[in-house]
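Structure data (PDB, C-alpha atoms) from entry_8.pdb:
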ATOM      1  CA  MET B   1     -92.715  67.025 -87.911  1.00  0.00           C
ATOM      2  CA  ASP B   2     -93.038  69.385 -90.854  1.00  0.00           C
ATOM      3  CA  LYS B   3     -90.889  72.462 -91.339  1.00  0.00           C
ATOM      4  CA  ILE B   4     -91.010  76.026 -92.648  1.00  0.00           C
ATOM      5  CA  THR B   5     -87.560  77.462 -93.363  1.00  0.00           C
ATOM      6  CA  LEU B   6     -86.526  81.063 -93.855  1.00  0.00           C
ATOM      7  CA  HIS B   7     -83.111  80.939 -95.571  1.00  0.00           C
ATOM      8  CA  ARG B   8     -80.236  83.411 -95.465  1.00  0.00           C
ATOM      9  CA  MET B   9     -82.053  86.502 -94.262  1.00  0.00           C
ATOM     10  CA  VAL B  10     -79.508  89.326 -94.257  1.00  0.00           C
ATOM     11  CA  PHE B  11     -79.805  92.182 -91.771  1.00  0.00           C
ATOM     12  CA  TYR B  12     -77.642  95.068 -90.646  1.00  0.00           C
ATOM     13  CA  GLY B  13     -77.269  95.344 -86.890  1.00  0.00           C
ATOM     14  CA  TYR B  14     -75.096  96.678 -84.098  1.00  0.00           C
ATOM     15  CA  HIS B  15     -74.474  93.474 -82.158  1.00  0.00           C
ATOM     16  CA  GLY B  16     -71.088  92.643 -80.731  1.00  0.00           C
ATOM     17  CA  VAL B  17     -68.707  92.982 -77.825  1.00  0.00           C
ATOM     18  CA  LEU B  18     -66.271  95.420 -79.419  1.00  0.00           C
ATOM     19  CA  PRO B  19     -67.061  99.150 -79.426  1.00  0.00           C
ATOM     20  CA  GLU B  20     -66.628  99.422 -83.200  1.00  0.00           C
ATOM     21  CA  GLU B  21     -69.188  96.647 -83.759  1.00  0.00           C
ATOM     22  CA  ARG B  22     -71.721  98.564 -81.702  1.00  0.00           C
ATOM     23  CA  THR B  23     -70.883 101.882 -83.401  1.00  0.00           C
ATOM     24  CA  LEU B  24     -70.323 100.923 -87.052  1.00  0.00           C
ATOM     25  CA  GLY B  25     -72.544  97.848 -87.235  1.00  0.00           C
ATOM     26  CA  GLN B  26     -72.231  94.899 -89.580  1.00  0.00           C
ATOM     27  CA  ARG B  27     -74.171  92.332 -91.580  1.00  0.00           C
ATOM     28  CA  PHE B  28     -75.759  89.310 -89.938  1.00  0.00           C
ATOM     29  CA  VAL B  29     -77.217  86.296 -91.719  1.00  0.00           C
ATOM     30  CA  VAL B  30     -80.092  84.484 -90.036  1.00  0.00           C
ATOM     31  CA  ASP B  31     -81.575  81.086 -90.912  1.00  0.00           C
ATOM     32  CA  VAL B  32     -84.681  79.803 -89.140  1.00  0.00           C
ATOM     33  CA  ASP B  33     -86.408  76.409 -89.210  1.00  0.00           C
ATOM     34  CA  CYS B  34     -89.893  76.327 -87.666  1.00  0.00           C
ATOM     35  CA  PHE B  35     -91.186  72.824 -86.890  1.00  0.00           C
ATOM     36  CA  LEU B  36     -94.953  72.389 -86.843  1.00  0.00           C
ATOM     37  CA  GLU B  37     -97.758  70.263 -88.228  1.00  0.00           C
ATOM     38  CA  LEU B  38     -98.538  71.514 -91.745  1.00  0.00           C
ATOM     39  CA  HIS B  39    -101.065  68.874 -92.774  1.00  0.00           C
ATOM     40  CA  PRO B  40    -104.179  70.894 -91.753  1.00  0.00           C
ATOM     41  CA  ALA B  41    -102.962  73.996 -93.643  1.00  0.00           C
ATOM     42  CA  GLY B  42    -102.150  71.931 -96.714  1.00  0.00           C
ATOM     43  CA  GLN B  43    -105.450  70.052 -96.633  1.00  0.00           C
ATOM     44  CA  ARG B  44    -107.576  73.179 -96.183  1.00  0.00           C
ATOM     45  CA  ASP B  45    -105.340  75.656 -98.058  1.00  0.00           C
ATOM     46  CA  ASP B  46    -105.750  78.005 -95.078  1.00  0.00           C
ATOM     47  CA  LEU B  47    -103.114  80.560 -94.009  1.00  0.00           C
ATOM     48  CA  GLU B  48    -104.594  80.645 -90.495  1.00  0.00           C
ATOM     49  CA  LEU B  49    -103.440  77.050 -89.982  1.00  0.00           C
ATOM     50  CA  THR B  50     -99.756  77.772 -90.590  1.00  0.00           C
ATOM     51  CA  VAL B  51     -97.117  80.418 -89.965  1.00  0.00           C
ATOM     52  CA  ASN B  52     -97.262  83.433 -92.249  1.00  0.00           C
ATOM     53  CA  TYR B  53     -93.605  83.573 -93.258  1.00  0.00           C
ATOM     54  CA  ALA B  54     -93.828  87.199 -94.384  1.00  0.00           C
ATOM     55  CA  GLU B  55     -94.949  88.157 -90.862  1.00  0.00           C
ATOM     56  CA  ALA B  56     -92.305  85.892 -89.324  1.00  0.00           C
ATOM     57  CA  TYR B  57     -89.661  87.616 -91.466  1.00  0.00           C
ATOM     58  CA  GLU B  58     -90.737  91.038 -90.178  1.00  0.00           C
ATOM     59  CA  LEU B  59     -90.637  89.788 -86.570  1.00  0.00           C
ATOM     60  CA  ILE B  60     -87.103  88.438 -87.077  1.00  0.00           C
ATOM     61  CA  ARG B  61     -86.005  91.616 -88.862  1.00  0.00           C
ATOM     62  CA  GLY B  62     -87.255  93.769 -86.007  1.00  0.00           C
ATOM     63  CA  ILE B  63     -85.121  91.800 -83.565  1.00  0.00           C
ATOM     64  CA  ALA B  64     -82.009  91.531 -85.766  1.00  0.00           C
ATOM     65  CA  GLU B  65     -82.072  95.242 -86.627  1.00  0.00           C
ATOM     66  CA  GLY B  66     -83.276  96.300 -83.190  1.00  0.00           C
ATOM     67  CA  GLU B  67     -81.779  96.537 -79.721  1.00  0.00           C
ATOM     68  CA  PRO B  68     -78.133  95.436 -79.793  1.00  0.00           C
ATOM     69  CA  CYS B  69     -76.891  92.280 -78.096  1.00  0.00           C
ATOM     70  CA  ARG B  70     -73.303  91.705 -77.085  1.00  0.00           C
ATOM     71  CA  LEU B  71     -73.412  88.079 -78.244  1.00  0.00           C
ATOM     72  CA  ILE B  72     -74.934  86.440 -81.298  1.00  0.00           C
ATOM     73  CA  GLU B  73     -76.006  83.728 -78.854  1.00  0.00           C
ATOM     74  CA  ALA B  74     -78.307  86.273 -77.217  1.00  0.00           C
ATOM     75  CA  LEU B  75     -79.612  87.419 -80.597  1.00  0.00           C
ATOM     76  CA  ALA B  76     -80.481  83.822 -81.526  1.00  0.00           C
ATOM     77  CA  GLU B  77     -82.252  83.347 -78.179  1.00  0.00           C
ATOM     78  CA  ARG B  78     -84.339  86.493 -78.722  1.00  0.00           C
ATOM     79  CA  ILE B  79     -85.391  85.317 -82.162  1.00  0.00           C
ATOM     80  CA  ALA B  80     -86.273  81.799 -81.010  1.00  0.00           C
ATOM     81  CA  GLY B  81     -88.248  83.068 -78.014  1.00  0.00           C
ATOM     82  CA  ALA B  82     -90.170  85.606 -80.072  1.00  0.00           C
ATOM     83  CA  LEU B  83     -91.177  83.017 -82.667  1.00  0.00           C
ATOM     84  CA  LEU B  84     -92.365  80.562 -80.019  1.00  0.00           C
ATOM     85  CA  ASP B  85     -94.262  83.331 -78.220  1.00  0.00           C
ATOM     86  CA  ARG B  86     -95.925  84.656 -81.369  1.00  0.00           C
ATOM     87  CA  TYR B  87     -96.852  81.410 -83.096  1.00  0.00           C
ATOM     88  CA  GLY B  88     -98.525  78.772 -80.954  1.00  0.00           C
ATOM     89  CA  LEU B  89     -98.417  76.285 -83.827  1.00  0.00           C
ATOM     90  CA  ILE B  90     -94.606  76.119 -83.743  1.00  0.00           C
ATOM     91  CA  GLN B  91     -93.462  73.171 -81.624  1.00  0.00           C
ATOM     92  CA  SER B  92     -89.750  73.876 -81.945  1.00  0.00           C
ATOM     93  CA  VAL B  93     -87.501  76.313 -83.748  1.00  0.00           C
ATOM     94  CA  THR B  94     -83.876  76.199 -84.852  1.00  0.00           C
ATOM     95  CA  VAL B  95     -82.115  79.537 -85.304  1.00  0.00           C
ATOM     96  CA  ARG B  96     -78.681  80.062 -86.821  1.00  0.00           C
ATOM     97  CA  VAL B  97     -77.079  83.504 -86.652  1.00  0.00           C
ATOM     98  CA  THR B  98     -73.945  84.044 -88.711  1.00  0.00           C
ATOM     99  CA  LYS B  99     -71.529  86.937 -88.493  1.00  0.00           C
ATOM    100  CA  PRO B 100     -69.932  86.820 -91.982  1.00  0.00           C
ATOM    101  CA  SER B 101     -67.131  89.265 -91.168  1.00  0.00           C
ATOM    102  CA  PRO B 102     -66.022  88.783 -87.572  1.00  0.00           C
ATOM    103  CA  PRO B 103     -63.661  91.513 -86.365  1.00  0.00           C
ATOM    104  CA  PHE B 104     -60.493  89.476 -86.036  1.00  0.00           C
ATOM    105  CA  ALA B 105     -57.685  88.430 -88.335  1.00  0.00           C
ATOM    106  CA  GLY B 106     -58.042  85.077 -89.983  1.00  0.00           C
ATOM    107  CA  GLU B 107     -59.302  83.392 -93.110  1.00  0.00           C
ATOM    108  CA  LEU B 108     -62.844  82.126 -92.628  1.00  0.00           C
ATOM    109  CA  ASP B 109     -66.318  82.546 -94.101  1.00  0.00           C
ATOM    110  CA  GLY B 110     -67.762  83.692 -90.768  1.00  0.00           C
ATOM    111  CA  VAL B 111     -68.763  82.475 -87.365  1.00  0.00           C
ATOM    112  CA  SER B 112     -72.199  81.300 -86.348  1.00  0.00           C
ATOM    113  CA  VAL B 113     -74.249  79.923 -83.513  1.00  0.00           C
ATOM    114  CA  GLU B 114     -77.157  77.547 -83.903  1.00  0.00           C
ATOM    115  CA  LEU B 115     -79.689  76.685 -81.249  1.00  0.00           C
ATOM    116  CA  THR B 116     -82.929  74.760 -81.030  1.00  0.00           C
ATOM    117  CA  ARG B 117     -85.684  75.656 -78.584  1.00  0.00           C
ATOM    118  CA  ARG B 118     -88.867  73.690 -77.934  1.00  0.00           C
ATOM    119  CA  ARG B 119     -92.221  74.738 -76.632  1.00  0.00           C
ATOM    120  CA  THR B 120     -92.386  73.931 -72.925  1.00  0.00           C
ATOM    121  CA  SER B 121     -96.160  73.777 -72.552  1.00  0.00           C
TER     122      SER B 121
END

Have the structure of the file written as structure tokens, please.
Amino acid sequence: MDKITLHRMVFYGYHGVLPEERTLGQRFVVDVDCFLELHPAGQRDDLELTVNYAEAYELIRGIAEGEPCRLIEALAERIAGALLDRYGLIQSVTVRVTKPSPPFAGELDGVSVELTRRRTS
């Protein structure tokens, strides 16, 4: 299966369990891999036969900067579901959401969740 990847998209959102996360907000980094057959688009040089990654970016941005989730797990689910709903060509999608500055003491580069969802029909 072929893949379109959107790397290290950075958004500002109000997701989190703690009140300060939902009030002050923070940065989130999102990576998405969309798995689909790209041969027809490549053979015909036709945007209609693939996923327009500029449109996909705007869809993801709307979710990441939109209605707050308590968990980054829920944010990743929303993104995966929206991509599968919007683009019938996508057979599966992997979404990683990273919180680079989690609100607890410790030395780390961030925390993230990664999930893969497949088309059911």

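Here the PyMOL selection byres ((chain B and resi 93) around 8) catches exactly these residues: Val32, Asp33, Cys34, Phe35, Ala80, Leu83, Leu84, Ile90, Gln91, Ser92, Thr94, Val95, Thr116, Arg117 and Arg118 of chain B.
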
message: So that I can check the surroundings of Ile72 of chain B, please list as a ChimeraX atom specification every protein, DNA and RNA residue that reaches within 12 Å of it, counting only C-alpha atoms and ignoring chain neighbours fewer than 3 positions away.
response: /B:13-17,21,27-30,63-64,68-69,75-79,95-100,102,111-115

message: Please compute the atom CA of Asp31 of chain B-atom CA of Arg44 of chain B distance, one decimal, in Å.
response: 27.7 Å

query: Closest to Val10 of chain B among B:Ile60, B:Leu47, B:Leu24, B:Ala54, using all atoms listed in the file?
result: B:Ile60

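Compared by their closest atoms to Met9 of chain B, and using all atoms listed in the file, the residues B:Phe104, B:Arg61, B:Leu38, B:Val51 rank with B:Arg61 nearest.
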
Would you list the contacts of Glu37 of chain B as a tab-separated table (two decimals) with C-alpha atoms, in the coordinates of the input, taking every protein, DNA or RNA residue within 10 Å and counting all atoms listed in the file, but skipping same-chain residues closer than 3 positions in sequence?
chain	number	residue	atom	x	y	z
B	1	MET	CA	-92.72	67.03	-87.91
B	2	ASP	CA	-93.04	69.39	-90.85
B	3	LYS	CA	-90.89	72.46	-91.34
B	4	ILE	CA	-91.01	76.03	-92.65
B	34	CYS	CA	-89.89	76.33	-87.67
B	40	PRO	CA	-104.18	70.89	-91.75
B	41	ALA	CA	-102.96	74.00	-93.64
B	42	GLY	CA	-102.15	71.93	-96.71
B	49	LEU	CA	-103.44	77.05	-89.98
B	50	THR	CA	-99.76	77.77	-90.59
B	89	LEU	CA	-98.42	76.28	-83.83
B	90	ILE	CA	-94.61	76.12	-83.74
B	91	GLN	CA	-93.46	73.17	-81.62

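Across the structure, atom CA of Gly62 of chain B and atom CA of Asp85 of chain B are spaced 14.8 Å apart.
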
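Non-sequential neighbours of Pro19 of chain B (distance at most 12 Å, separation of 6 or more positions within a chain, all atoms listed in the file) are Gly25, Pro68, Arg70 and Pro103 of chain B.
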
task: Grab the atom CA of Tyr53 of chain B to atom CA of Ala74 of chain B distance for me, in Å with one decimal place.
output: 22.3 Å

Kindly complete segment 2-21 of chain B to N, CA and C atoms; the output should be written as a PDB file, keeping the file's coordinate frame.
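Final output, saved to result.pdb:
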ATOM      1  N   ASP B   2     -93.251  68.596 -89.645  1.00  0.00           N
ATOM      2  CA  ASP B   2     -93.038  69.385 -90.854  1.00  0.00           C
ATOM      3  C   ASP B   2     -92.224  70.637 -90.520  1.00  0.00           C
ATOM      4  N   LYS B   3     -91.807  71.349 -91.568  1.00  0.00           N
ATOM      5  CA  LYS B   3     -90.889  72.462 -91.339  1.00  0.00           C
ATOM      6  C   LYS B   3     -91.126  73.586 -92.327  1.00  0.00           C
ATOM      7  N   ILE B   4     -91.073  74.823 -91.828  1.00  0.00           N
ATOM      8  CA  ILE B   4     -91.010  76.026 -92.648  1.00  0.00           C
ATOM      9  C   ILE B   4     -89.631  76.624 -92.408  1.00  0.00           C
ATOM     10  N   THR B   5     -88.913  76.924 -93.481  1.00  0.00           N
ATOM     11  CA  THR B   5     -87.560  77.462 -93.363  1.00  0.00           C
ATOM     12  C   THR B   5     -87.485  78.839 -94.004  1.00  0.00           C
ATOM     13  N   LEU B   6     -86.864  79.755 -93.297  1.00  0.00           N
ATOM     14  CA  LEU B   6     -86.526  81.063 -93.855  1.00  0.00           C
ATOM     15  C   LEU B   6     -85.005  81.068 -94.001  1.00  0.00           C
ATOM     16  N   HIS B   7     -84.537  81.090 -95.258  1.00  0.00           N
ATOM     17  CA  HIS B   7     -83.111  80.939 -95.571  1.00  0.00           C
ATOM     18  C   HIS B   7     -82.399  82.271 -95.739  1.00  0.00           C
ATOM     19  N   ARG B   8     -81.216  82.355 -95.183  1.00  0.00           N
ATOM     20  CA  ARG B   8     -80.236  83.411 -95.465  1.00  0.00           C
ATOM     21  C   ARG B   8     -80.824  84.826 -95.473  1.00  0.00           C
ATOM     22  N   MET B   9     -81.559  85.139 -94.426  1.00  0.00           N
ATOM     23  CA  MET B   9     -82.053  86.502 -94.262  1.00  0.00           C
ATOM     24  C   MET B   9     -80.867  87.366 -93.849  1.00  0.00           C
ATOM     25  N   VAL B  10     -80.657  88.471 -94.526  1.00  0.00           N
ATOM     26  CA  VAL B  10     -79.508  89.326 -94.257  1.00  0.00           C
ATOM     27  C   VAL B  10     -80.008  90.634 -93.652  1.00  0.00           C
ATOM     28  N   PHE B  11     -79.419  90.984 -92.505  1.00  0.00           N
ATOM     29  CA  PHE B  11     -79.805  92.182 -91.771  1.00  0.00           C
ATOM     30  C   PHE B  11     -78.550  92.957 -91.379  1.00  0.00           C
ATOM     31  N   TYR B  12     -78.734  94.233 -91.127  1.00  0.00           N
ATOM     32  CA  TYR B  12     -77.642  95.068 -90.646  1.00  0.00           C
ATOM     33  C   TYR B  12     -77.959  95.437 -89.204  1.00  0.00           C
ATOM     34  N   GLY B  13     -77.039  95.082 -88.303  1.00  0.00           N
ATOM     35  CA  GLY B  13     -77.269  95.344 -86.890  1.00  0.00           C
ATOM     36  C   GLY B  13     -76.016  95.804 -86.188  1.00  0.00           C
ATOM     37  N   TYR B  14     -76.181  96.101 -84.911  1.00  0.00           N
ATOM     38  CA  TYR B  14     -75.096  96.678 -84.098  1.00  0.00           C
ATOM     39  C   TYR B  14     -74.750  95.762 -82.930  1.00  0.00           C
ATOM     40  N   HIS B  15     -74.752  94.472 -83.182  1.00  0.00           N
ATOM     41  CA  HIS B  15     -74.474  93.474 -82.158  1.00  0.00           C
ATOM     42  C   HIS B  15     -72.986  93.201 -82.094  1.00  0.00           C
ATOM     43  N   GLY B  16     -72.486  92.996 -80.891  1.00  0.00           N
ATOM     44  CA  GLY B  16     -71.088  92.643 -80.731  1.00  0.00           C
ATOM     45  C   GLY B  16     -70.530  93.141 -79.421  1.00  0.00           C
ATOM     46  N   VAL B  17     -69.388  92.624 -79.068  1.00  0.00           N
ATOM     47  CA  VAL B  17     -68.707  92.982 -77.825  1.00  0.00           C
ATOM     48  C   VAL B  17     -67.826  94.209 -78.018  1.00  0.00           C
ATOM     49  N   LEU B  18     -67.221  94.333 -79.177  1.00  0.00           N
ATOM     50  CA  LEU B  18     -66.271  95.420 -79.419  1.00  0.00           C
ATOM     51  C   LEU B  18     -66.994  96.743 -79.689  1.00  0.00           C
ATOM     52  N   PRO B  19     -66.419  97.837 -79.220  1.00  0.00           N
ATOM     53  CA  PRO B  19     -67.061  99.150 -79.426  1.00  0.00           C
ATOM     54  C   PRO B  19     -67.332  99.466 -80.896  1.00  0.00           C
ATOM     55  N   GLU B  20     -66.420  99.120 -81.787  1.00  0.00           N
ATOM     56  CA  GLU B  20     -66.628  99.422 -83.200  1.00  0.00           C
ATOM     57  C   GLU B  20     -67.796  98.630 -83.802  1.00  0.00           C
ATOM     58  N   GLU B  21     -68.040  97.419 -83.290  1.00  0.00           N
ATOM     59  CA  GLU B  21     -69.188  96.647 -83.759  1.00  0.00           C
ATOM     60  C   GLU B  21     -70.495  97.343 -83.385  1.00  0.00           C
TER      61      GLU B  21
END
